[in-house]
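Remarks on the structure that follows.
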Amino acid sequence: MNESSWIRKMFEEGISLKEKYGHENVYDFSLGNPILDPPEEFFNSLKEISESKIKGIHGYMPNAGFKSTRSKISQKISNQSKSELNPDDILMTSGAAGALNVILHSIINEGEEVIIFKPFFPEYKFYVDNHGGKSLFCDFKEDFTPSIDNLKSLISSKTKALILNSPNNPTGVSYPEKILIDICQVVSEAEAKFNSDIFIISDEPYRYLEYEDSNQPFIFDLHKNGIIASSFSKDLSIAGERIGFVALGEKIKDKELIIDALNFSNRTLGFVNAPALGQRLVENSINALADINKYKTKRDYFYSELINFGYEIVMPTGGFYLFPKSPINDIEFTNLLKKEKILVVPGTGFGAPGYFRISYSVDDSVIENSLDGFKKVIKSFKT
Ligand SMILES: Cc1ncc(COP(=O)(O)O)c(C=O)c1O
């Protein structure tokens, strides 16, 4: 439990600071909770469903979810990717977190290894533990893309899967296509060498929170054993509704067996099926997006202010995070910011000591009012 979560720790410290100094006097950038309103389509659908008396609408369904919802998602992915997916390639889940657990439960045998790219969403290692796997961590370069050399040295006959996350939490950086191709090449070479199958799990709840038109390729267009774990938590701004999905590429190895295993895992991990209401809501909002330009405006403003103060930051292209360099030990630095009533999360929690994470999914006033504190702390290192 001690190492369980720096994010929670900062969030909880924030609660006591807010009680002491007042809510408006504490600048809390610790949680990645979407702040935007869901789009109009979502509310229209909610109203329509609440008035509907269709029999059985709130009952159980097949473990994979409603076929109509899966069909909408498979069509959307087929339109945007080079693959032709059908509804059976989709499994509805309880968020991307549910999707990751269902996938890992389905593919991992005790002791098999999963390579996680640093900096990483801290829950990954607990998810891998949940299903008897062993996590290995791949180093990153200055621009937060993975070290391909380090990946080559980690991959082995024991590797069952890789988890990659782009746009990334905590850095906000998206992996360029070239990096994805390089990763897939290393995996293909390892598969040939060890006569094995290695799954590349692309965790991508921030795919549509992209501010630079990157058109990130779909992982199964680059590698046959690509699997997507995703959700509507961030792009529709409905994280609390717990709705996500798994998507399999056309040519994945042992596809029927994997589909059966995913259904079985969704059931036996206790999810049974993804929330019925959530499935209807996302089906009716399939091409909608929360007003993500608001995140872009926050990013541009906050980034340029912090750079002017002297912070070193790789410009994030997506998500709602900044990941500045810390001039000293990141835990000590975040403690100095805390004295200014600014709450951020040390990079140590993401496997990246020497940095810290700012979640800018907050009101503009929180950003504006925090700036003096950010300036004061960094200036003390610049004289
Ligand atoms: C990288 C990443 N993966 C997965 C999740 C979990 O998303 P969901 O709420 O859809 O389960 C999050 C949530 O913050 C995340 O940042």
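The way I read the labels, and the way they are meant: chains A, B, ... in the order of the structure tokens, residue 1 as the first residue of every chain, and ligand 1 as the first ligand shown, with later ones counted on from there.
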*asked:* Please identify the strand (DSSP E) residues within range 126-290 of chain A (assignment by DSSP from backbone atoms) and present them as a count of residues only.
replied: 28
*If you count only C-alpha atoms, which residues fall within 6 Å of Asn266 in chain A, apart from same-chain ones fewer than 5 positions away, as JSON, numbers by chain?*
{"A": [102, 271, 272]}
Those selected residues, please, written with N, CA, C and O atoms and delivered as a short mmCIF file (atom, residue, chain, number, x, y, z; two decimals), in the first residue's frame.
```
data_model
loop_
_atom_site.label_atom_id
_atom_site.label_comp_id
_atom_site.auth_asym_id
_atom_site.auth_seq_id
_atom_site.Cartn_x
_atom_site.Cartn_y
_atom_site.Cartn_z
N VAL A 102 -9.11 -7.09 -18.16
CA VAL A 102 -9.71 -8.20 -18.90
C VAL A 102 -8.69 -8.78 -19.89
O VAL A 102 -8.52 -10.00 -20.02
N PHE A 271 -17.08 -8.12 -13.56
CA PHE A 271 -17.74 -7.00 -14.27
C PHE A 271 -19.07 -7.48 -14.86
O PHE A 271 -19.99 -6.69 -15.01
N VAL A 272 -19.11 -8.77 -15.26
CA VAL A 272 -20.26 -9.41 -15.93
C VAL A 272 -20.47 -8.81 -17.32
O VAL A 272 -20.27 -9.44 -18.34
#
```
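Using only C-alpha atoms, the shortest contact distance between Phe374 in chain A and any of A:Tyr301, A:Phe320, A:Tyr27, A:Phe245 is found at A:Tyr27.
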*Rounded to one decimal place, report the CA of Glu51 in chain A-CA of Arg280 in chain A distance in Å.*
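One can read the CA of Glu51 in chain A to CA of Arg280 in chain A distance as 13.3 Å.
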Which residues of chain A have any atom within 6 Å of an atom in ligand 1 when counting only C-alpha atoms and all ligand atoms, and what is the closest pair of atoms for each, with the distance in Å to one decimal? Order the rows by chain and rising number and write it as JSON lines.
```
{"residue": "A:Gly32", "atom": "CA", "partner": "ligand 1", "partner_atom_place_in_ligand_line": "14 (O)", "distance": 5.7}
{"residue": "A:Gly95", "atom": "CA", "partner": "ligand 1", "partner_atom_place_in_ligand_line": "10 (O)", "distance": 3.6}
{"residue": "A:Ala96", "atom": "CA", "partner": "ligand 1", "partner_atom_place_in_ligand_line": "10 (O)", "distance": 3.8}
{"residue": "A:Ala97", "atom": "CA", "partner": "ligand 1", "partner_atom_place_in_ligand_line": "11 (O)", "distance": 3.7}
{"residue": "A:Phe121", "atom": "CA", "partner": "ligand 1", "partner_atom_place_in_ligand_line": "1 (C)", "distance": 5.1}
{"residue": "A:Asn165", "atom": "CA", "partner": "ligand 1", "partner_atom_place_in_ligand_line": "1 (C)", "distance": 5.9}
{"residue": "A:Asn169", "atom": "CA", "partner": "ligand 1", "partner_atom_place_in_ligand_line": "1 (C)", "distance": 5.0}
{"residue": "A:Asp203", "atom": "CA", "partner": "ligand 1", "partner_atom_place_in_ligand_line": "3 (N)", "distance": 5.8}
{"residue": "A:Ser231", "atom": "CA", "partner": "ligand 1", "partner_atom_place_in_ligand_line": "10 (O)", "distance": 4.6}
{"residue": "A:Ser233", "atom": "CA", "partner": "ligand 1", "partner_atom_place_in_ligand_line": "10 (O)", "distance": 4.8}
{"residue": "A:Ala239", "atom": "CA", "partner": "ligand 1", "partner_atom_place_in_ligand_line": "9 (O)", "distance": 4.9}
{"residue": "A:Gly244", "atom": "CA", "partner": "ligand 1", "partner_atom_place_in_ligand_line": "10 (O)", "distance": 5.9}
```
Residues as selected, N, CA and C atoms, written as a tab-separated table (two decimals), in the first residue's frame, can you do that?
```tsv
chain	number	residue	atom	x	y	z
A	32	GLY	N	-6.17	13.45	-12.57
A	32	GLY	CA	-6.51	13.55	-14.00
A	32	GLY	C	-8.01	13.33	-14.21
A	95	GLY	N	-14.66	0.88	-18.48
A	95	GLY	CA	-13.55	1.82	-18.68
A	95	GLY	C	-12.33	1.14	-19.31
A	96	ALA	N	-11.30	1.97	-19.57
A	96	ALA	CA	-10.04	1.42	-20.09
A	96	ALA	C	-9.37	0.57	-19.01
A	97	ALA	N	-9.58	0.93	-17.74
A	97	ALA	CA	-9.01	0.15	-16.64
A	97	ALA	C	-9.58	-1.27	-16.67
A	121	PHE	N	1.47	5.14	-16.53
A	121	PHE	CA	0.30	5.25	-15.66
A	121	PHE	C	0.52	4.25	-14.51
A	165	ASN	N	1.19	3.66	-24.21
A	165	ASN	CA	0.13	4.63	-23.93
A	165	ASN	C	0.46	5.97	-24.59
A	169	ASN	N	-0.10	9.57	-20.45
A	169	ASN	CA	-0.22	10.05	-19.08
A	169	ASN	C	1.00	9.48	-18.36
A	203	ASP	N	-2.95	1.28	-24.89
A	203	ASP	CA	-3.93	1.87	-23.96
A	203	ASP	C	-4.13	3.31	-24.42
A	231	SER	N	-11.45	3.96	-23.89
A	231	SER	CA	-12.68	4.32	-23.17
A	231	SER	C	-13.19	5.65	-23.68
A	233	SER	N	-13.95	7.86	-21.31
A	233	SER	CA	-13.82	8.64	-20.07
A	233	SER	C	-13.37	10.07	-20.34
A	239	ALA	N	-15.83	10.03	-17.19
A	239	ALA	CA	-14.99	9.03	-16.50
A	239	ALA	C	-15.76	8.25	-15.43
A	244	GLY	N	-15.88	1.63	-21.49
A	244	GLY	CA	-14.74	1.51	-22.39
A	244	GLY	C	-14.86	0.26	-23.23
```
*Excluding Asp197 in chain A and any residue of its chain fewer than 5 positions from it, enumerate the residues within 8 Å of it, using only C-alpha atoms, and give them as a list in words.*
Lys160, Glu191, Asn225 and Lys253 of chain A
*CA of Glu368 in chain A and CA of Asp213 in chain A, how far apart in Å?*
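Spanning CA of Asp213 in chain A to CA of Glu368 in chain A is a straight-line distance of 27.5 Å.
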Skip Phe302 in chain A itself and residues of its chain fewer than 6 positions away, then list as a compact mmCIF listing (two decimals) with N, CA and C atoms, in the first residue's frame all residues within 12 Å of it, counting only C-alpha atoms.
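As a result, result_1.txt now contains:
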```
# COMPACT_ATOMS: atom_id res chain seq x y z
N TYR A 295 -9.12 22.40 -23.55
CA TYR A 295 -7.86 21.87 -23.00
C TYR A 295 -6.67 22.47 -23.73
N LYS A 296 -6.81 22.61 -25.04
CA LYS A 296 -5.69 23.15 -25.83
C LYS A 296 -5.38 24.58 -25.37
N ASN A 308 8.25 30.73 -19.50
CA ASN A 308 8.77 32.08 -19.21
C ASN A 308 9.38 32.17 -17.82
N PHE A 309 8.82 31.42 -16.88
CA PHE A 309 9.38 31.46 -15.51
C PHE A 309 10.71 30.71 -15.43
N TYR A 311 10.84 27.09 -16.30
CA TYR A 311 10.66 25.63 -16.25
C TYR A 311 11.07 25.02 -17.59
N ILE A 313 10.14 22.12 -20.15
CA ILE A 313 9.01 21.21 -20.41
C ILE A 313 9.03 20.77 -21.87
N MET A 315 6.93 20.06 -24.92
CA MET A 315 5.58 20.50 -25.28
C MET A 315 4.67 19.29 -25.47
N PRO A 316 3.62 19.16 -24.64
CA PRO A 316 2.72 18.02 -24.82
C PRO A 316 1.81 18.22 -26.03
N PHE A 320 -4.18 15.91 -20.99
CA PHE A 320 -4.26 17.18 -20.26
C PHE A 320 -3.21 17.26 -19.16
N TYR A 321 -1.97 16.89 -19.56
CA TYR A 321 -0.87 16.88 -18.60
C TYR A 321 0.35 17.64 -19.12
N LEU A 322 1.08 18.25 -18.17
CA LEU A 322 2.42 18.78 -18.43
C LEU A 322 3.36 18.00 -17.52
N PHE A 323 4.58 17.77 -18.00
CA PHE A 323 5.52 16.95 -17.21
C PHE A 323 6.88 17.66 -17.15
N PRO A 324 6.95 18.77 -16.38
CA PRO A 324 8.21 19.55 -16.35
C PRO A 324 9.32 18.81 -15.63
N ILE A 358 1.76 17.81 -13.83
CA ILE A 358 0.69 18.79 -13.60
C ILE A 358 -0.50 18.34 -14.43
N SER A 359 -1.65 18.14 -13.81
CA SER A 359 -2.86 17.89 -14.59
C SER A 359 -3.58 19.24 -14.74
N TYR A 360 -3.70 19.71 -16.00
CA TYR A 360 -4.33 21.03 -16.19
C TYR A 360 -5.82 20.92 -16.52
N SER A 361 -6.41 19.79 -16.16
CA SER A 361 -7.86 19.66 -16.28
C SER A 361 -8.49 20.30 -15.04
N VAL A 362 -8.33 21.61 -14.95
CA VAL A 362 -8.83 22.40 -13.81
C VAL A 362 -9.39 23.70 -14.35
N ASP A 363 -10.14 24.42 -13.50
CA ASP A 363 -10.65 25.74 -13.92
C ASP A 363 -9.51 26.69 -14.24
N ASP A 364 -9.76 27.61 -15.17
CA ASP A 364 -8.72 28.59 -15.53
C ASP A 364 -8.24 29.37 -14.30
N SER A 365 -9.16 29.64 -13.38
CA SER A 365 -8.79 30.44 -12.20
C SER A 365 -7.72 29.72 -11.36
N VAL A 366 -7.78 28.39 -11.33
CA VAL A 366 -6.79 27.63 -10.54
C VAL A 366 -5.41 27.83 -11.18
N ILE A 367 -5.36 27.77 -12.51
CA ILE A 367 -4.08 27.97 -13.21
C ILE A 367 -3.57 29.39 -12.94
N GLU A 368 -4.45 30.38 -13.16
CA GLU A 368 -4.03 31.78 -13.01
C GLU A 368 -3.52 32.06 -11.59
N ASN A 369 -4.28 31.59 -10.60
CA ASN A 369 -3.92 31.91 -9.21
C ASN A 369 -2.69 31.15 -8.71
N SER A 370 -2.32 30.10 -9.43
CA SER A 370 -1.14 29.32 -8.99
C SER A 370 0.16 29.91 -9.52
N LEU A 371 0.07 30.79 -10.52
CA LEU A 371 1.28 31.17 -11.27
C LEU A 371 2.34 31.83 -10.38
N PHE A 374 4.28 29.10 -8.64
CA PHE A 374 5.19 28.38 -9.56
C PHE A 374 6.43 29.24 -9.84
N LYS A 375 6.20 30.54 -10.03
CA LYS A 375 7.31 31.45 -10.36
C LYS A 375 8.29 31.55 -9.19
```
*asked:* List the spatial neighbours of Ala161 in chain A as a ChimeraX atom specification - criterion: any atom at most 12 Å away, only C-alpha atoms, same-chain residues fewer than 4 positions off excluded.
replied: /A:100,103-109,112-117,128,133-136,154-157,184,187,190-191,196-202,225-227
Take the residues that were just selected and, keeping N, CA, C and O atoms, output them as a compact mmCIF listing (two decimals), in the first residue's frame.
```txt
# COMPACT_ATOMS: atom_id res chain seq x y z
N LEU A 100 -8.05 -3.18 -19.66
CA LEU A 100 -6.67 -3.65 -19.44
C LEU A 100 -6.67 -4.91 -18.57
O LEU A 100 -5.95 -5.88 -18.85
N ILE A 103 -7.97 -7.90 -20.58
CA ILE A 103 -6.95 -8.38 -21.54
C ILE A 103 -5.86 -9.16 -20.82
O ILE A 103 -5.51 -10.28 -21.19
N LEU A 104 -5.31 -8.55 -19.77
CA LEU A 104 -4.18 -9.19 -19.08
C LEU A 104 -4.60 -10.53 -18.48
O LEU A 104 -3.87 -11.52 -18.53
N HIS A 105 -5.82 -10.58 -17.93
CA HIS A 105 -6.32 -11.83 -17.35
C HIS A 105 -6.43 -12.91 -18.43
O HIS A 105 -6.19 -14.09 -18.17
N SER A 106 -6.78 -12.47 -19.64
CA SER A 106 -7.00 -13.42 -20.74
C SER A 106 -5.70 -13.97 -21.31
O SER A 106 -5.67 -15.10 -21.78
N ILE A 107 -4.63 -13.18 -21.29
CA ILE A 107 -3.43 -13.62 -22.04
C ILE A 107 -2.27 -14.09 -21.17
O ILE A 107 -1.42 -14.83 -21.65
N ILE A 108 -2.22 -13.65 -19.90
CA ILE A 108 -1.00 -13.93 -19.10
C ILE A 108 -1.06 -15.28 -18.40
O ILE A 108 -2.07 -15.60 -17.76
N ASN A 109 0.02 -16.04 -18.51
CA ASN A 109 0.22 -17.21 -17.65
C ASN A 109 1.18 -16.78 -16.55
O ASN A 109 2.04 -15.91 -16.76
N GLU A 112 4.79 -14.82 -16.63
CA GLU A 112 5.15 -14.22 -17.92
C GLU A 112 5.34 -12.71 -17.76
O GLU A 112 4.77 -12.09 -16.87
N GLU A 113 6.14 -12.16 -18.69
CA GLU A 113 6.55 -10.77 -18.50
C GLU A 113 5.78 -9.79 -19.38
O GLU A 113 5.45 -10.09 -20.53
N VAL A 114 5.57 -8.60 -18.81
CA VAL A 114 4.90 -7.52 -19.54
C VAL A 114 5.83 -6.31 -19.49
O VAL A 114 6.25 -5.89 -18.40
N ILE A 115 6.16 -5.77 -20.66
CA ILE A 115 7.06 -4.61 -20.70
C ILE A 115 6.22 -3.33 -20.73
O ILE A 115 5.33 -3.18 -21.58
N ILE A 116 6.51 -2.45 -19.79
CA ILE A 116 5.78 -1.19 -19.65
C ILE A 116 6.74 -0.05 -19.97
O ILE A 116 7.87 -0.04 -19.47
N PHE A 117 6.30 0.88 -20.79
CA PHE A 117 7.18 2.00 -21.17
C PHE A 117 7.09 3.12 -20.12
O PHE A 117 6.00 3.60 -19.82
N VAL A 128 -0.82 -5.73 -13.82
CA VAL A 128 -0.01 -6.90 -14.22
C VAL A 128 0.08 -7.87 -13.04
O VAL A 128 -0.12 -9.08 -13.18
N GLY A 133 1.41 -11.71 -13.64
CA GLY A 133 2.50 -11.35 -14.55
C GLY A 133 3.63 -10.64 -13.81
O GLY A 133 3.52 -10.32 -12.63
N LYS A 134 4.72 -10.43 -14.55
CA LYS A 134 5.86 -9.69 -13.98
C LYS A 134 6.13 -8.47 -14.86
O LYS A 134 6.27 -8.62 -16.08
N SER A 135 6.20 -7.29 -14.23
CA SER A 135 6.42 -6.07 -15.02
C SER A 135 7.90 -5.79 -15.20
O SER A 135 8.67 -5.89 -14.24
N LEU A 136 8.29 -5.41 -16.43
CA LEU A 136 9.63 -4.88 -16.70
C LEU A 136 9.41 -3.48 -17.26
O LEU A 136 8.40 -3.23 -17.92
N LEU A 154 15.29 -5.88 -23.14
CA LEU A 154 14.31 -6.41 -22.18
C LEU A 154 13.49 -7.56 -22.75
O LEU A 154 13.01 -8.43 -22.03
N ILE A 155 13.29 -7.53 -24.07
CA ILE A 155 12.38 -8.49 -24.69
C ILE A 155 13.03 -9.88 -24.72
O ILE A 155 14.23 -9.99 -24.97
N SER A 156 12.24 -10.92 -24.40
CA SER A 156 12.83 -12.26 -24.32
C SER A 156 11.75 -13.30 -24.59
O SER A 156 10.60 -12.96 -24.88
N SER A 157 12.14 -14.56 -24.40
CA SER A 157 11.17 -15.64 -24.61
C SER A 157 10.06 -15.60 -23.57
O SER A 157 9.02 -16.22 -23.72
N CYS A 184 7.21 -2.10 -33.15
CA CYS A 184 6.61 -3.29 -33.77
C CYS A 184 7.68 -4.17 -34.41
O CYS A 184 7.59 -5.40 -34.38
N VAL A 187 9.36 -6.19 -31.81
CA VAL A 187 8.47 -7.28 -31.37
C VAL A 187 8.44 -8.39 -32.42
O VAL A 187 8.55 -9.58 -32.08
N ALA A 190 11.53 -10.43 -32.27
CA ALA A 190 11.55 -11.30 -31.07
C ALA A 190 10.62 -12.49 -31.27
O ALA A 190 10.95 -13.63 -30.90
N GLU A 191 9.46 -12.25 -31.88
CA GLU A 191 8.51 -13.35 -32.11
C GLU A 191 9.14 -14.42 -33.01
O GLU A 191 8.99 -15.62 -32.77
N SER A 196 7.38 -17.16 -30.67
CA SER A 196 6.33 -16.86 -29.68
C SER A 196 5.36 -15.82 -30.27
O SER A 196 5.58 -15.32 -31.37
N ASP A 197 4.29 -15.56 -29.52
CA ASP A 197 3.40 -14.46 -29.87
C ASP A 197 3.44 -13.43 -28.76
O ASP A 197 3.31 -13.77 -27.59
N ILE A 198 3.67 -12.18 -29.16
CA ILE A 198 3.77 -11.11 -28.17
C ILE A 198 2.68 -10.08 -28.51
O ILE A 198 2.59 -9.63 -29.66
N PHE A 199 1.86 -9.75 -27.53
CA PHE A 199 0.75 -8.82 -27.78
C PHE A 199 1.20 -7.38 -27.47
O PHE A 199 1.85 -7.14 -26.45
N ILE A 200 0.85 -6.47 -28.36
CA ILE A 200 1.13 -5.05 -28.09
C ILE A 200 -0.20 -4.41 -27.71
O ILE A 200 -1.11 -4.27 -28.54
N ILE A 201 -0.31 -4.06 -26.43
CA ILE A 201 -1.56 -3.47 -25.93
C ILE A 201 -1.42 -1.96 -25.99
O ILE A 201 -0.55 -1.38 -25.33
N SER A 202 -2.26 -1.33 -26.78
CA SER A 202 -2.22 0.13 -26.88
C SER A 202 -3.34 0.68 -26.01
O SER A 202 -4.52 0.54 -26.33
N ASN A 225 -0.59 -8.68 -33.78
CA ASN A 225 -1.05 -8.97 -32.41
C ASN A 225 -1.28 -7.70 -31.60
O ASN A 225 -1.04 -7.65 -30.39
N GLY A 226 -1.74 -6.65 -32.27
CA GLY A 226 -2.08 -5.40 -31.57
C GLY A 226 -3.47 -5.49 -30.97
O GLY A 226 -4.38 -6.06 -31.57
N ILE A 227 -3.62 -4.96 -29.76
CA ILE A 227 -4.93 -4.92 -29.09
C ILE A 227 -5.12 -3.50 -28.54
O ILE A 227 -4.21 -2.95 -27.93
```
*Quick one: residues within 7 Å of range 28-31 of chain A, only C-alpha atoms counted, chain neighbours fewer than 2 positions away excluded, as a list in words?*
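Contacts, with the query itself left out: Ile7, Met10, Phe11, Gly14, Val26, Asn33, Ile342, Leu343, Val344, Val345, Ile358, Ser359 and Tyr360 of chain A.
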*Exercise: range 172-182 of chain A partners within 8 Å, only C-alpha atoms, chain neighbours under 5 positions left out, as a list in words*: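 Neighbouring residues, sequence-local ones excluded: Phe144, Thr145, Pro146, Ile148, Ser166, Pro167, Ser214, Gln216, Pro217, Ile219, Leu222, Val314, Met315, Pro316, Thr317, Gly318, Gly319, Phe320, Tyr321, Leu322 and Phe323 of chain A.
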*Taking into account only C-alpha atoms, which residue in the set A:Ile57, A:Ile252, A:Val246, A:Ile258 is nearest to Asp221 in chain A?*
A:Ile252
*asked:* Just the number, please: distance in Å from CA of Glu19 in chain A to CA of Pro353 in chain A, one decimal.
replied: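 Computing it gives 29.6 Å between the two atoms.
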*Hey, which of A:Ser71, A:Ser5, A:Thr171, A:Thr334 ends up closest to Ala352 in chain A? Count only C-alpha atoms.*
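Under the stated criterion, the closest residue is A:Thr171.
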_Per-residue DSSP, range 187-375 of chain A, filtered to helix (DSSP H, G or I), as JSON, numbers by chain_ = {"A": [187, 188, 189, 190, 191, 192, 193, 194, 219, 220, 221, 222, 239, 240, 241, 255, 256, 257, 258, 259, 260, 261, 262, 263, 264, 265, 266, 267, 268, 276, 277, 278, 279, 280, 281, 282, 283, 293, 294, 295, 296, 297, 298, 299, 300, 301, 302, 303, 304, 305, 306, 307, 308, 309, 330, 331, 332, 333, 334, 335, 336, 337, 338, 339, 347, 348, 349, 350, 364, 365, 366, 367, 368, 369, 370, 371, 372, 373, 374, 375]}
